[in-house]
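Since the structure comes first, as structure tokens, the remarks are kept for the end.
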Amino acid sequence: MKPLLTKPEINAIIYGMHGAPFSLLGMHATGAKKPGVVARVFRPYATKVELIRRADGQVLDMPRIHEDGLYELFLPNEKPFDYLLRLTWFDGTSSDLEDPYRFPLQLTDFDMHLLGEGTNYRAYNRMGAHPMTVEGVEGVHFAVWAPNAIRVSVVGWFNNWDGRIHPMQQRGNSGIWELFMPHLKPGDLYKYEVKGHQAFLAQKADPYAFASELRPRSASMVWDIEAYEWQDAEWMAARDKRNWLEEPISVYEVHLGSWRRKPDEDGRMQTYAELADTLIPYVKKMGYTHIELMPISEHPFDGSWGYQTIGYYSPTSRFGTPDDFKAFVDRCHQEGIGVIVDWVPAHFPKDGHGLAYFDGTHLYEHADPRMGEHKDWGTYIFNYGRNEVRAFLLSNAMFLADMYHIDGLRVDAVASMLYLDYSRKEGEWIPNKYGGRENLEAVDFLKKFNELVHLEHPGFLTFAEESTAWPMVSRPTYLGGLGFDLKWNMGWMHDTLDYMQKDPVFRKYHHHQMTFSMIYAFTENFILPFSHDEVVHGKGAMLSKMPGDMWQQFANLRLLYAYMFAHPGKKLTFMGMEFGQWREWQHGESLDWHLLQYDSHTGLQRLARDLNAILKGYGCLHQIDFSWEGFEWIDLNDWENSMLFTLRRGKDPDDLMVCGFNFTPVPRVAYRMGVPRMGTYEEVLNTDAAIYGGSGVSNSRFVTAEAIKWQSRDQSIVVTVPPLGAVYFRYRPDMANHVS
């Protein structure tokens with residue numbers, strides 16, 4: 001019998017050029033001119049295809065109408081009916097399978113509308129691969145955006161990665177392609193084969209994939225993102241009621257792949273499950289309030305540290321499954337620890353299976369390299385003005401908060417997003433519509449991001465890694481700000497480290513570097529960062545940056561940390577800094593935990609733990625971090641002796657802490673310090689204490705103020721500030737008449 005298909009239609013199927021396969025494949029009524037039904041199947045690896053009428057089990061042979069494996073069966077005077085396919089393979093075995101093209105399309109016109117205008121901020125609910133049951137049949141629904149493709153197919157082991165077999169249906173002019181694939185299940189690997197114009201053909205990982213194959217392989221993996229049962233309801237409810245800006249925040253930044261490897265197993269990386277048993281107890285013991293994970297989204301190259309992301313919706317398979325990562329976060333919450341994740345919406349890599357040139361056009365990135373490429377990093381820049389791209393990124397932020405219970409996002413490289421001329425010479429960038437250098441579309445995107453996550457998750461924290469003088473980064477959008485909760489204080493970090501690396505004999509000439517930060521300290525909500533960026537690329541470890549002999553190096557670092565914790569702003573330190581890692585950080589190697597066999601390193605570690613405890617224990621060190629009401633200089637002018645004295649205040653008028661800092665190796669004995677009130681002051685920290693590896697130059701535990709005016713105060717105390725040391729004294733109103 002002559003095929004009902006025309007030759008162009010046959011060619012479109014067998015050569016993988018058809019963009020509307022549902023119009024030809026599957027079962028269709030043929031109409032009044034030739035009443036009946038026609039069923040078509042394209043299966044090039046089958047030697048025989050039969051159609052089984054489900055109602056009565058009748059088996060009907062399907063004639064092959066093209067040698068490449070196209071089958072067509074016409075049944076006159078029939079109406080469409082439920083059926084199965086029986087495929088016989090080259091080895092003589094057979095399989096009874098459902099036909100994907102007999103199932104209805106799942107996306108609605110409303111879905112298309114929201115996705116097209118970019119207002120579906122949970123697009124992950126519809127895009128990507130979703131296990132579901134359709135008409136009683138279990139399978140997976142796939143949806144992908146590729147508006148300029150000629151044809152998009154789902155490929156995997158189930159079709160020998162042949163893109164001709166399971167082409168998807170494009171929905172109108174939305175650019176969204178979909179297909180329900182029966183029989184597939186969580187754990188199955190897949191990609192999208194995208195055929196575009198000008199001979200473009202590529203197999204792409206799913207932009208919305210919930211799981212990914214372990215590198216160097218690059219397939220996406222079907223995963224049931226709803227299956228995990230959370231146990232952190234108490235944490236989540238409490239988190240969203242807290243005013244984090246008045247809470248103690250001490251963040252431990254971690255690169256999971258190098259925190260602590262398994263020395264007895266060839267130095268392999270720990271899994272999410274193992275890290276839950278090792279990293280979380282350590283962080284809790286040390287007293288950190290949050291863990292910040294360097295990017296855990298799937299990335300192809302270990303050396304990018306995760307900052308060149310491919311799978312924005314897929315936790316990296318290096319450490320386990322998505323559910324394993326959920327269990328890690330869950331465990332953190334049960335132990336009272338928040339989880340912050342590095343998020344990279346600024347750029348993405350050019351790997352062939354990723355977002356770059358996705359459908360044969362510059363889809364996620366700008367076509368013009370003056371706007372679409374970071375030459376320094378060899379990456380592409382997102383086109384924030386495109387609705388679907390904005391929805392992809394905004395939905396990703398919501399996804400991490402919704403589905404992974406993440407407590408905050410640290411947004412990487414914000415400066416590169418804000419400025420069109422970032423790291424570009426004259427003529428290498430395009431001004432905005434007003435002739436300026438600001439990336440208006442990126443600004444709008446960042447504002448929308450902050451509005452969305454805070455509206456839906458009030459206790460969610462957002463951090464901007466932003467190193468310029470862009471105003472109001474951490475101010476609400478309704479006041480004209482970008483809406484971040486906190487901004488990294490890169491100026492404080494650079495000035496402080498530059499000062500601390502100088503020989504103490506020269507520090508008095510650079511005293512302003514330690515006081516300058518207070519000129520702008522309250523223009524933003526700052527977090528003070530000593531991050532991974534300060535211990536790579538030849539910069540050396542924190543301990544090795546410090547000048548002097550070994551004793552002085554440790555003393556300097558203890559002093560630096562004490563100064564950091566007394567300074568207004570939330571705190572962040574990178575792993576290894578807390579115990580004195582000597583070597584510069586290497587992403588492929590474990591931290592040097594063996595150093596803890598030495599007292600100097602355990603002493604530094606104990607200081608880090610005690611600083612976290614003091615930060616939590618005294619409201620004056622965290623309640624008013626972003627206003628002059630919480631901080632005063634007692635004396636900032638003793639540059640000759642490289643001394644600083646500060647006062648921190650809490651909400652309670654009696655919650656006071658006076659701190660002294662000696663940046664020279666000369667002990668300052670019987671040094672008079674002005675204090676805010678008469679009464680007793682208790683020493684709660686001395687970085688030179690023997691338990692920290694210091695020399696033991698100390699004070700009495702309690703000192704009593706005298707009515708002697710000093711440093712513009714009506715009363716003062718006499719203390720000893722140890723060499724390269726810091727002391728904290730808290731006011732004790734309950735001991736007003738104590739005599740030491």
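Residues are referred to by chain and number: the chain letter is A, B, ... according to the order shown in the structure tokens, the number counts from 1 in that chain, and ligands are numbered separately from 1 in the order shown.
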- Task: Compile the contact shell of range 682-699 of chain A as an NGL selection string: residues with an atom at most 8 Å away, counting only C-alpha atoms, same-chain residues fewer than 4 positions apart removed.
- Result: :A and (555 or 558-559 or 562 or 599-607 or 667 or 703 or 719-723 or 725-732)
Considering only C-alpha atoms, give me a table of residues in range 371-487 of chain A that are at most 8 Å from range 305-329 of chain A, with the closest atom pair and distance in Å for each, as CSV.
```
residue,atom,partner,partner_atom,distance
A:Thr379,CA,A:Gln308,CA,7.9
A:Asn396,CA,A:Tyr313,CA,6.5
A:Phe399,CA,A:Tyr313,CA,7.5
A:Leu400,CA,A:Tyr313,CA,7.9
A:Tyr404,CA,A:Lys326,CA,5.9
A:His405,CA,A:Val329,CA,7.3
A:Ile406,CA,A:Val329,CA,7.4
```
Suppose we keep N, CA, C and O atoms; can you now write the selection as an mmCIF file, in the first residue's frame?
```
data_model
loop_
_atom_site.group_PDB
_atom_site.id
_atom_site.type_symbol
_atom_site.label_atom_id
_atom_site.label_comp_id
_atom_site.auth_asym_id
_atom_site.auth_seq_id
_atom_site.Cartn_x
_atom_site.Cartn_y
_atom_site.Cartn_z
ATOM 1 N N THR A 379 34.688 33.376 29.476
ATOM 2 C CA THR A 379 33.304 32.964 29.705
ATOM 3 C C THR A 379 32.335 33.918 29.014
ATOM 4 O O THR A 379 32.714 34.998 28.560
ATOM 5 N N ASN A 396 16.186 29.891 39.419
ATOM 6 C CA ASN A 396 17.247 29.127 40.058
ATOM 7 C C ASN A 396 17.456 29.570 41.500
ATOM 8 O O ASN A 396 17.643 28.735 42.401
ATOM 9 N N PHE A 399 14.632 28.188 43.369
ATOM 10 C CA PHE A 399 14.805 26.736 43.446
ATOM 11 C C PHE A 399 15.709 26.350 44.614
ATOM 12 O O PHE A 399 15.400 25.436 45.391
ATOM 13 N N LEU A 400 16.822 27.051 44.756
ATOM 14 C CA LEU A 400 17.752 26.737 45.838
ATOM 15 C C LEU A 400 17.124 27.005 47.201
ATOM 16 O O LEU A 400 17.353 26.267 48.158
ATOM 17 N N TYR A 404 16.022 23.224 48.213
ATOM 18 C CA TYR A 404 17.201 22.816 48.971
ATOM 19 C C TYR A 404 17.310 23.502 50.326
ATOM 20 O O TYR A 404 18.284 23.291 51.043
ATOM 21 N N HIS A 405 16.332 24.340 50.659
ATOM 22 C CA HIS A 405 16.286 25.010 51.959
ATOM 23 C C HIS A 405 17.562 25.807 52.234
ATOM 24 O O HIS A 405 17.950 25.982 53.410
ATOM 25 N N ILE A 406 18.204 26.281 51.174
ATOM 26 C CA ILE A 406 19.397 27.103 51.347
ATOM 27 C C ILE A 406 19.002 28.385 52.083
ATOM 28 O O ILE A 406 17.935 28.950 51.862
#
```
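With distances restricted to only C-alpha atoms, A:Ala566 is the closest residue to Trp633 in chain A from A:Ala608, A:Leu482, A:Ala566, A:Val155.
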- Item | Within 10 Å of Ala129 in chain A using only C-alpha atoms, minus same-chain residues under 3 positions, as a ChimeraX atom specification | /A:124-126,132,139-144,178-181,185-186,190,206,208-211,220-225
- Item | Residues flagged alpha helix (DSSP H) by DSSP in range 114-245 of chain A, as a list in words | Leu114, Leu115, Gly116, Glu117, Ala233, Glu234, Trp235, Met236, Ala237, Ala238 and Arg239 of chain A
Emit the selected residues as a CSV table (one decimal), in the first residue's frame, including all heavy atoms.
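File produced: selection.csv:
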```csv
chain,number,residue,atom,x,y,z
A,114,LEU,N,3.5,32.5,30.6
A,114,LEU,CA,4.3,32.9,31.7
A,114,LEU,C,5.8,32.7,31.4
A,114,LEU,O,6.6,33.6,31.7
A,114,LEU,CB,4.0,32.2,33.0
A,114,LEU,CG,2.6,32.4,33.6
A,114,LEU,CD1,2.4,31.6,34.9
A,114,LEU,CD2,2.4,33.9,33.9
A,115,LEU,N,6.1,31.6,30.8
A,115,LEU,CA,7.5,31.3,30.4
A,115,LEU,C,8.0,32.3,29.4
A,115,LEU,O,9.1,32.8,29.5
A,115,LEU,CB,7.7,29.9,30.0
A,115,LEU,CG,7.4,28.8,31.0
A,115,LEU,CD1,7.3,27.5,30.4
A,115,LEU,CD2,8.6,28.8,32.0
A,116,GLY,N,7.1,32.7,28.5
A,116,GLY,CA,7.5,33.6,27.4
A,116,GLY,C,7.8,35.0,27.9
A,116,GLY,O,8.7,35.7,27.4
A,117,GLU,N,6.9,35.5,28.8
A,117,GLU,CA,7.1,36.8,29.3
A,117,GLU,C,8.1,36.9,30.5
A,117,GLU,O,8.4,38.0,31.0
A,117,GLU,CB,5.8,37.4,29.7
A,117,GLU,CG,5.2,36.9,31.0
A,117,GLU,CD,3.9,37.6,31.4
A,117,GLU,OE1,3.3,38.3,30.5
A,117,GLU,OE2,3.4,37.4,32.5
A,233,ALA,N,11.8,21.6,59.9
A,233,ALA,CA,10.7,22.5,60.0
A,233,ALA,C,11.0,23.6,61.1
A,233,ALA,O,10.7,24.7,60.9
A,233,ALA,CB,9.4,21.8,60.2
A,234,GLU,N,11.5,23.1,62.2
A,234,GLU,CA,11.7,24.0,63.3
A,234,GLU,C,12.7,25.1,62.9
A,234,GLU,O,12.5,26.3,63.2
A,234,GLU,CB,12.2,23.3,64.5
A,234,GLU,CG,12.4,24.1,65.8
A,234,GLU,CD,12.8,23.3,67.0
A,234,GLU,OE1,12.8,22.0,66.9
A,234,GLU,OE2,13.2,23.9,68.0
A,235,TRP,N,13.8,24.7,62.3
A,235,TRP,CA,14.8,25.7,61.9
A,235,TRP,C,14.2,26.7,60.9
A,235,TRP,O,14.4,27.9,61.0
A,235,TRP,CB,16.0,25.0,61.2
A,235,TRP,CG,16.9,25.9,60.5
A,235,TRP,CD1,16.8,26.3,59.1
A,235,TRP,CD2,18.0,26.7,60.9
A,235,TRP,NE1,17.7,27.2,58.8
A,235,TRP,CE2,18.5,27.5,59.9
A,235,TRP,CE3,18.6,26.8,62.2
A,235,TRP,CZ2,19.6,28.3,60.0
A,235,TRP,CZ3,19.7,27.7,62.3
A,235,TRP,CH2,20.2,28.4,61.2
A,236,MET,N,13.5,26.2,59.9
A,236,MET,CA,13.0,27.0,58.8
A,236,MET,C,12.0,28.1,59.3
A,236,MET,O,12.0,29.2,58.9
A,236,MET,CB,12.4,26.2,57.7
A,236,MET,CG,13.3,25.3,57.0
A,236,MET,SD,14.6,26.1,56.1
A,236,MET,CE,13.6,26.8,54.7
A,237,ALA,N,11.1,27.6,60.3
A,237,ALA,CA,10.2,28.5,60.8
A,237,ALA,C,10.8,29.6,61.6
A,237,ALA,O,10.5,30.8,61.5
A,237,ALA,CB,9.2,27.8,61.7
A,238,ALA,N,11.8,29.2,62.4
A,238,ALA,CA,12.6,30.2,63.3
A,238,ALA,C,13.4,31.1,62.4
A,238,ALA,O,13.5,32.3,62.7
A,238,ALA,CB,13.4,29.5,64.3
A,239,ARG,N,14.0,30.6,61.4
A,239,ARG,CA,14.9,31.4,60.5
A,239,ARG,C,14.2,32.6,59.9
A,239,ARG,O,14.7,33.7,59.9
A,239,ARG,CB,15.5,30.5,59.4
A,239,ARG,CG,16.5,31.2,58.5
A,239,ARG,CD,16.6,30.5,57.2
A,239,ARG,NE,15.4,30.7,56.3
A,239,ARG,CZ,15.3,30.2,55.1
A,239,ARG,NH1,16.3,29.4,54.6
A,239,ARG,NH2,14.2,30.4,54.3
```
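When only C-alpha atoms are used to measure the gap to Ser395 in chain A, the shortest distance among A:Phe574, A:Phe449, A:Phe81, A:Tyr478 belongs to A:Phe449.
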- Message: Using only C-alpha atoms, which protein or nucleic acid residues come within 9 Å of range 635-637 of chain A? Drop anything in the same chain fewer than 3 positions from it, and give the result as a ChimeraX atom specification.
- Response: /A:511,515,632,640,642-646,673-674,711-712
Write a file of the just-selected residues containing N, CA and C atoms, as a PDB file, in the first residue's frame.
```pdb
ATOM      1  N   HIS A 511      49.193  54.093  59.947  1.00  0.00           N
ATOM      2  CA  HIS A 511      48.137  53.946  60.959  1.00  0.00           C
ATOM      3  C   HIS A 511      46.747  54.177  60.358  1.00  0.00           C
ATOM      4  N   THR A 515      42.258  52.792  60.459  1.00  0.00           N
ATOM      5  CA  THR A 515      41.166  53.659  60.920  1.00  0.00           C
ATOM      6  C   THR A 515      40.278  54.139  59.782  1.00  0.00           C
ATOM      7  N   GLU A 632      32.345  53.282  68.972  1.00  0.00           N
ATOM      8  CA  GLU A 632      33.042  54.553  69.189  1.00  0.00           C
ATOM      9  C   GLU A 632      34.539  54.288  69.220  1.00  0.00           C
ATOM     10  N   GLU A 640      51.965  56.775  67.078  1.00  0.00           N
ATOM     11  CA  GLU A 640      53.373  56.588  67.421  1.00  0.00           C
ATOM     12  C   GLU A 640      53.613  55.206  68.032  1.00  0.00           C
ATOM     13  N   SER A 642      51.354  52.695  67.610  1.00  0.00           N
ATOM     14  CA  SER A 642      50.533  51.752  66.840  1.00  0.00           C
ATOM     15  C   SER A 642      49.493  51.076  67.737  1.00  0.00           C
ATOM     16  N   MET A 643      48.771  51.906  68.500  1.00  0.00           N
ATOM     17  CA  MET A 643      47.740  51.426  69.411  1.00  0.00           C
ATOM     18  C   MET A 643      46.373  51.936  68.959  1.00  0.00           C
ATOM     19  N   LEU A 644      45.353  51.107  69.178  1.00  0.00           N
ATOM     20  CA  LEU A 644      43.973  51.499  68.923  1.00  0.00           C
ATOM     21  C   LEU A 644      43.106  51.048  70.087  1.00  0.00           C
ATOM     22  N   PHE A 645      42.111  51.874  70.434  1.00  0.00           N
ATOM     23  CA  PHE A 645      41.163  51.529  71.481  1.00  0.00           C
ATOM     24  C   PHE A 645      39.751  51.811  70.986  1.00  0.00           C
ATOM     25  N   THR A 646      38.885  50.838  71.156  1.00  0.00           N
ATOM     26  CA  THR A 646      37.525  50.963  70.632  1.00  0.00           C
ATOM     27  C   THR A 646      36.509  50.605  71.706  1.00  0.00           C
ATOM     28  N   MET A 673      43.466  53.637  79.785  1.00  0.00           N
ATOM     29  CA  MET A 673      42.461  53.632  78.719  1.00  0.00           C
ATOM     30  C   MET A 673      41.164  54.246  79.247  1.00  0.00           C
ATOM     31  N   GLY A 674      40.633  55.228  78.504  1.00  0.00           N
ATOM     32  CA  GLY A 674      39.363  55.828  78.874  1.00  0.00           C
ATOM     33  C   GLY A 674      38.222  54.841  78.696  1.00  0.00           C
ATOM     34  N   GLN A 711      41.580  60.274  77.454  1.00  0.00           N
ATOM     35  CA  GLN A 711      41.076  60.005  76.099  1.00  0.00           C
ATOM     36  C   GLN A 711      39.621  60.483  75.941  1.00  0.00           C
ATOM     37  N   SER A 712      39.389  61.715  76.411  1.00  0.00           N
ATOM     38  CA  SER A 712      38.082  62.378  76.309  1.00  0.00           C
ATOM     39  C   SER A 712      37.000  61.670  77.118  1.00  0.00           C
TER      40      SER A 712
END
```
- Query: Looking at only C-alpha atoms, which of A:Ala442, A:Leu543, A:Val414, A:Leu486 is the one that sits closest to Glu466 in chain A?
  - Reply: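 Comparing A:Ala442, A:Leu543, A:Val414, A:Leu486 against Glu466 in chain A, the winner is A:Val414.
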- Query: Could you pull the residues within 12 Å of Ile14 in chain A, counting only C-alpha atoms, minus those fewer than 4 positions along the same chain, as a ChimeraX atom specification?
  - Reply: /A:7-10,18,21,25,41-44,65-71,162-167
Written selection (N, CA, C and O atoms) as a compact mmCIF listing (two decimals), in the first residue's frame:
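Writing done, so here's out.txt:
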```
# COMPACT_ATOMS: atom_id res chain seq x y z
N LYS A 7 6.77 12.35 0.38
CA LYS A 7 8.21 12.13 0.45
C LYS A 7 8.91 13.18 1.30
O LYS A 7 9.81 12.84 2.10
N PRO A 8 8.56 14.48 1.19
CA PRO A 8 9.19 15.47 2.08
C PRO A 8 8.94 15.18 3.55
O PRO A 8 9.81 15.38 4.40
N GLU A 9 7.71 14.69 3.87
CA GLU A 9 7.42 14.37 5.27
C GLU A 9 8.25 13.18 5.74
O GLU A 9 8.77 13.17 6.87
N ILE A 10 8.38 12.18 4.86
CA ILE A 10 9.22 11.02 5.21
C ILE A 10 10.66 11.45 5.44
O ILE A 10 11.29 11.07 6.43
N HIS A 18 12.15 17.30 11.48
CA HIS A 18 10.75 17.66 11.69
C HIS A 18 10.57 18.30 13.06
O HIS A 18 10.94 17.73 14.08
N PRO A 21 6.60 16.65 15.42
CA PRO A 21 6.44 15.20 15.21
C PRO A 21 5.06 14.68 15.58
O PRO A 21 4.63 13.66 15.05
N LEU A 25 3.75 11.37 13.78
CA LEU A 25 3.98 10.14 14.52
C LEU A 25 2.84 9.88 15.50
O LEU A 25 2.06 10.76 15.83
N VAL A 41 5.47 4.94 13.35
CA VAL A 41 6.56 4.78 14.30
C VAL A 41 7.87 4.85 13.54
O VAL A 41 8.00 4.25 12.47
N PHE A 42 8.83 5.58 14.10
CA PHE A 42 10.17 5.60 13.52
C PHE A 42 11.12 4.95 14.52
O PHE A 42 11.38 5.48 15.59
N ARG A 43 11.61 3.77 14.16
CA ARG A 43 12.51 3.01 15.02
C ARG A 43 13.59 2.35 14.17
O ARG A 43 13.47 1.21 13.74
N PRO A 44 14.68 3.05 13.92
CA PRO A 44 15.70 2.52 13.00
C PRO A 44 16.44 1.29 13.52
O PRO A 44 17.05 0.58 12.73
N ILE A 65 7.76 1.49 5.68
CA ILE A 65 7.59 2.30 4.47
C ILE A 65 8.89 2.99 4.07
O ILE A 65 8.94 3.66 3.04
N HIS A 66 9.93 2.83 4.90
CA HIS A 66 11.24 3.35 4.52
C HIS A 66 12.29 2.47 5.17
O HIS A 66 12.17 2.09 6.33
N GLU A 67 13.32 2.17 4.41
CA GLU A 67 14.33 1.22 4.87
C GLU A 67 15.06 1.69 6.12
O GLU A 67 15.65 0.88 6.85
N ASP A 68 15.03 2.99 6.41
CA ASP A 68 15.71 3.49 7.61
C ASP A 68 14.93 3.23 8.89
O ASP A 68 15.41 3.54 9.98
N GLY A 69 13.74 2.65 8.78
CA GLY A 69 13.02 2.27 9.99
C GLY A 69 11.74 3.03 10.25
O GLY A 69 11.30 3.11 11.40
N LEU A 70 11.10 3.56 9.22
CA LEU A 70 9.82 4.25 9.38
C LEU A 70 8.69 3.26 9.06
O LEU A 70 8.67 2.65 8.00
N TYR A 71 7.76 3.12 10.01
CA TYR A 71 6.65 2.17 9.89
C TYR A 71 5.33 2.94 9.88
O TYR A 71 5.17 3.92 10.63
N ASP A 162 20.38 8.59 19.61
CA ASP A 162 20.05 8.94 18.23
C ASP A 162 18.94 9.99 18.25
O ASP A 162 17.79 9.70 18.63
N GLY A 163 19.26 11.19 17.84
CA GLY A 163 18.31 12.29 17.91
C GLY A 163 17.15 12.21 16.95
O GLY A 163 16.21 13.00 17.05
N ARG A 164 17.17 11.26 16.02
CA ARG A 164 16.06 11.15 15.07
C ARG A 164 14.84 10.46 15.69
O ARG A 164 13.72 10.60 15.19
N ILE A 165 15.05 9.70 16.79
CA ILE A 165 14.01 8.77 17.24
C ILE A 165 12.95 9.45 18.10
O ILE A 165 11.76 9.16 17.97
N HIS A 166 13.35 10.35 18.98
CA HIS A 166 12.39 10.97 19.89
C HIS A 166 12.43 12.49 19.79
O HIS A 166 12.78 13.19 20.75
N PRO A 167 12.05 13.03 18.61
CA PRO A 167 11.97 14.49 18.49
C PRO A 167 10.86 15.04 19.38
O PRO A 167 9.83 14.40 19.60
```
- Can you list every residue in range 510-656 of chain A that DSSP puts in strand (DSSP E), as a list in words?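 Residues meeting the strand (DSSP E) criterion: Phe526, Ile527, Leu528, Pro529, Phe530, Lys570, Lys571, Leu572, Thr573, Phe574, Phe631, Glu632, Trp633, Ile634, Asp635, Met643, Leu644, Phe645, Thr646, Leu647, Arg648, Arg649 and Leu656 of chain A.
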- Item | Shell around range 262-265 of chain A at 9 Å using only C-alpha atoms, local window under 4 positions removed, as a PyMOL selection string | chain A and resi 269-270+590
Take the selection from the previous step and output its residues with all heavy atoms, as a PDB file, in the first residue's frame.
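That gives us again.pdb:
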```pdb
ATOM      1  N   MET A 269      38.022  12.771  47.708  1.00  0.00           N
ATOM      2  CA  MET A 269      37.145  13.745  48.335  1.00  0.00           C
ATOM      3  C   MET A 269      36.080  13.035  49.166  1.00  0.00           C
ATOM      4  O   MET A 269      35.650  11.933  48.828  1.00  0.00           O
ATOM      5  CB  MET A 269      36.466  14.620  47.273  1.00  0.00           C
ATOM      6  CG  MET A 269      37.431  15.474  46.476  1.00  0.00           C
ATOM      7  SD  MET A 269      36.624  16.528  45.246  1.00  0.00           S
ATOM      8  CE  MET A 269      36.207  15.313  43.986  1.00  0.00           C
ATOM      9  N   GLN A 270      35.648  13.676  50.233  1.00  0.00           N
ATOM     10  CA  GLN A 270      34.552  13.130  51.022  1.00  0.00           C
ATOM     11  C   GLN A 270      33.224  13.358  50.296  1.00  0.00           C
ATOM     12  O   GLN A 270      33.074  14.298  49.512  1.00  0.00           O
ATOM     13  CB  GLN A 270      34.489  13.791  52.397  1.00  0.00           C
ATOM     14  CG  GLN A 270      35.660  13.465  53.302  1.00  0.00           C
ATOM     15  CD  GLN A 270      35.424  13.926  54.726  1.00  0.00           C
ATOM     16  OE1 GLN A 270      34.462  13.536  55.365  1.00  0.00           O
ATOM     17  NE2 GLN A 270      36.320  14.768  55.224  1.00  0.00           N
ATOM     18  N   SER A 590      44.022  18.293  50.408  1.00  0.00           N
ATOM     19  CA  SER A 590      43.400  18.526  51.709  1.00  0.00           C
ATOM     20  C   SER A 590      44.119  19.646  52.454  1.00  0.00           C
ATOM     21  O   SER A 590      45.301  19.936  52.213  1.00  0.00           O
ATOM     22  CB  SER A 590      43.451  17.245  52.540  1.00  0.00           C
ATOM     23  OG  SER A 590      42.877  17.436  53.818  1.00  0.00           O
TER      24      SER A 590
END
```
- With a distance cut-off of 8 Å and only C-alpha atoms, select the neighbouring residues of range 611-621 of chain A, excluding the residue or stretch itself and same-chain residues fewer than 6 positions from it, and output the selection as a ChimeraX atom specification. /A:248,250,286-288,562,565-566,568,630,648-651,655-657
Deliver the residues from the most recent selection as a file, using N, CA and C atoms, as a JSON list (two decimals), in the first residue's frame.
```json
[["chain", "number", "residue", "atom", "x", "y", "z"],
["A", 248, "PRO", "N", 24.38, 37.49, 65.60],
["A", 248, "PRO", "CA", 25.78, 37.18, 65.31],
["A", 248, "PRO", "C", 25.88, 36.34, 64.04],
["A", 250, "SER", "N", 28.92, 34.55, 61.85],
["A", 250, "SER", "CA", 30.32, 34.20, 61.62],
["A", 250, "SER", "C", 30.32, 33.04, 60.63],
["A", 286, "MET", "N", 33.34, 24.63, 66.56],
["A", 286, "MET", "CA", 34.06, 25.90, 66.43],
["A", 286, "MET", "C", 33.17, 27.11, 66.64],
["A", 287, "GLY", "N", 31.86, 26.92, 66.60],
["A", 287, "GLY", "CA", 30.95, 28.00, 66.92],
["A", 287, "GLY", "C", 30.56, 28.90, 65.77],
["A", 288, "TYR", "N", 30.83, 28.48, 64.54],
["A", 288, "TYR", "CA", 30.40, 29.29, 63.40],
["A", 288, "TYR", "C", 28.88, 29.22, 63.27],
["A", 562, "ALA", "N", 41.27, 39.10, 66.35],
["A", 562, "ALA", "CA", 40.60, 39.81, 67.44],
["A", 562, "ALA", "C", 40.15, 41.20, 66.98],
["A", 565, "PHE", "N", 36.98, 40.78, 64.88],
["A", 565, "PHE", "CA", 35.75, 40.47, 65.60],
["A", 565, "PHE", "C", 35.26, 41.65, 66.44],
["A", 566, "ALA", "N", 36.12, 42.60, 66.73],
["A", 566, "ALA", "CA", 35.70, 43.80, 67.45],
["A", 566, "ALA", "C", 35.23, 44.90, 66.50],
["A", 568, "PRO", "N", 32.97, 46.66, 63.63],
["A", 568, "PRO", "CA", 31.58, 46.51, 63.17],
["A", 568, "PRO", "C", 31.51, 45.74, 61.86],
["A", 630, "GLY", "N", 26.56, 51.79, 67.70],
["A", 630, "GLY", "CA", 27.17, 50.57, 68.21],
["A", 630, "GLY", "C", 28.68, 50.62, 68.32],
["A", 648, "ARG", "N", 32.46, 49.07, 71.89],
["A", 648, "ARG", "CA", 31.27, 48.52, 71.24],
["A", 648, "ARG", "C", 30.10, 48.56, 72.22],
["A", 649, "ARG", "N", 28.93, 48.93, 71.69],
["A", 649, "ARG", "CA", 27.72, 49.04, 72.49],
["A", 649, "ARG", "C", 26.64, 48.10, 71.98],
["A", 650, "GLY", "N", 25.84, 47.54, 72.90],
["A", 650, "GLY", "CA", 24.69, 46.73, 72.55],
["A", 650, "GLY", "C", 23.41, 47.52, 72.74],
["A", 651, "LYS", "N", 22.28, 46.85, 72.53],
["A", 651, "LYS", "CA", 20.98, 47.51, 72.72],
["A", 651, "LYS", "C", 20.74, 47.85, 74.19],
["A", 655, "ASP", "N", 25.40, 47.06, 78.15],
["A", 655, "ASP", "CA", 26.14, 46.07, 77.36],
["A", 655, "ASP", "C", 27.26, 46.79, 76.62],
["A", 656, "LEU", "N", 28.44, 46.82, 77.25],
["A", 656, "LEU", "CA", 29.57, 47.58, 76.73],
["A", 656, "LEU", "C", 30.82, 46.71, 76.69],
["A", 657, "MET", "N", 31.64, 46.92, 75.66],
["A", 657, "MET", "CA", 32.92, 46.21, 75.54],
["A", 657, "MET", "C", 33.98, 47.21, 75.10]]
```
- For His290 in chain A, the nearest of the candidates A:Asp277, A:Asp549, A:Asp625, A:Glu335, counting only C-alpha atoms: A:Glu335
